[in-house]
Amino acid sequence: CTQLGITSGSTKVQTQQFQSAIDRIHREGGGVLILPSGTYVSGSITLRDNIELRLERGAQLLSSTNPFDLNMRGFILSDYAKNVRITGEGTIDGRGLEVSLALDSLHHTGKKIDKNYYTERNRPNTRPKLIDFSGVQGLRIEGVTLRASATWGLVMTLCKNVTIRNVNADNRAY
């Protein structure tokens with residue numbers, strides 16, 4: 001990971017480093033991006049063909065809490081890719097409460113208006129999912145913990161050949 005410019009233990013948002021590493025692995029024909037034990041922070045990233053994101057035991061991939069770092073569709077995305085995998089014993093944490101409260105603040109201060117703001121419940125309606133995959137073929141999610149999305153945790157639309165095994169999902173953040 002460090003040879004790809006990604007470092008653990010930092011509070012610095014490393015979206016560009018993550019996406020560059022994924023894109024490089026993709027250009028080289030595919031492979032595994034391994035996150036060793038440690039804490040990593042990123043904005044939204046997109047997984048491509050033949051990419052495995054492996055979080056080793058003790059690895060935590062945290063969403064940035066700054067809504068401007070996030071695609072409001074989701075934290076981890078993939079569209080019409082083949083052979084996408086998220087594996088390991090680590091955790092993907094959307095920090096949903098923090099993201100949602102930041103979105104609410106930005107809405108009320110006029111800095112990022114949510115045109116679908118849910119006025120009856122006094123909260124933002126446009127919030128990022130933890131994982132949003134569309135049209136992925138050959139998808140495997142195995143062993144990881146998925147937690148604290150700002151909205152839906154795992155969305156798979158039009159995906160084929162999907163395997164989900166031994167996943168712990170805890171999605172009660174907001």
# chains A, B, ... in the order shown; residues from 1 in each chain; ligands from 1

$ closest_atom_pairs --of "range 7-67 of chain A" --to "range 120-139 of chain A" --cutoff "12 Å" --atoms "only C-alpha atoms" --output "tab-separated table"
residue	atom	partner	partner_atom	distance
A:Gly43	CA	A:Pro128	CA	10.7
A:Ser44	CA	A:Pro128	CA	9.1
A:Ile45	CA	A:Ile131	CA	9.9
A:Thr46	CA	A:Phe133	CA	9.4
A:Leu47	CA	A:Phe133	CA	9.2
A:Arg48	CA	A:Val136	CA	9.5
A:Asp49	CA	A:Val136	CA	8.9
A:Asn50	CA	A:Gly138	CA	9.3
A:Ile51	CA	A:Leu139	CA	10.2
A:Glu52	CA	A:Leu139	CA	9.8
A:Leu53	CA	A:Leu139	CA	11.7
A:Leu61	CA	A:Leu130	CA	11.2
A:Leu62	CA	A:Leu130	CA	10.3
A:Ser63	CA	A:Leu130	CA	8.6
A:Ser64	CA	A:Pro128	CA	11.2
A:Thr65	CA	A:Pro128	CA	10.9
A:Asn66	CA	A:Pro128	CA	11.5
A:Pro67	CA	A:Pro128	CA	8.8

$ write_last_selection --atoms "C-alpha atoms" --output "PDB file, in the first residue's frame"
ATOM      1  CA  GLY A  43     -13.690  10.019  -0.218  1.00  0.00           C
ATOM      2  CA  SER A  44     -15.661   8.082  -2.835  1.00  0.00           C
ATOM      3  CA  ILE A  45     -13.703   5.545  -4.884  1.00  0.00           C
ATOM      4  CA  THR A  46     -14.647   3.486  -7.934  1.00  0.00           C
ATOM      5  CA  LEU A  47     -13.604  -0.154  -8.303  1.00  0.00           C
ATOM      6  CA  ARG A  48     -12.816  -1.286 -11.860  1.00  0.00           C
ATOM      7  CA  ASP A  49     -12.582  -4.631 -13.719  1.00  0.00           C
ATOM      8  CA  ASN A  50     -10.545  -7.364 -12.016  1.00  0.00           C
ATOM      9  CA  ILE A  51      -9.923  -5.421  -8.805  1.00  0.00           C
ATOM     10  CA  GLU A  52      -9.938  -6.964  -5.356  1.00  0.00           C
ATOM     11  CA  LEU A  53      -9.959  -4.644  -2.368  1.00  0.00           C
ATOM     12  CA  LEU A  61     -11.370   2.067   5.592  1.00  0.00           C
ATOM     13  CA  LEU A  62     -13.229   5.164   6.803  1.00  0.00           C
ATOM     14  CA  SER A  63     -15.318   7.494   4.712  1.00  0.00           C
ATOM     15  CA  SER A  64     -14.371  11.128   4.782  1.00  0.00           C
ATOM     16  CA  THR A  65     -16.880  13.111   6.816  1.00  0.00           C
ATOM     17  CA  ASN A  66     -16.646  16.035   4.400  1.00  0.00           C
ATOM     18  CA  PRO A  67     -19.600  15.757   1.983  1.00  0.00           C
TER      19      PRO A  67
END

$ select_by_dssp --residues "chain A" --states "strand (DSSP E)" --output "ChimeraX atom specification"
/A:31-35,38-42,45-46,51-55,59-63,74-79,82-88,91-93,129-134,137-142,145-147,154-157,160-165,168-170

$ select_by_dssp --residues "chain A" --states "alpha helix (DSSP H)" --output "ChimeraX atom specification"
/A:15-27,96-109

$ residues_around --residues "range 7-18 of chain A" --least-positions-apart "3" --cutoff "9 Å" --atoms "only C-alpha atoms" --output "PyMOL selection string"
chain A and resi 1-2+4+21-23+35-45+59+63-64+69

$ atom_distance --atom1 "CA of Arg140 in chain A" --atom2 "CA of Gly30 in chain A"
15.0 Å

$ closest_residue --among "A:Thr145, A:Asn171, A:Thr157, A:Asn116" --to "Leu77 in chain A" --atoms "only C-alpha atoms"
A:Thr157

$ atom_distance --atom1 "CA of Gly94 in chain A" --atom2 "CA of Asn168 in chain A"
14.1 Å
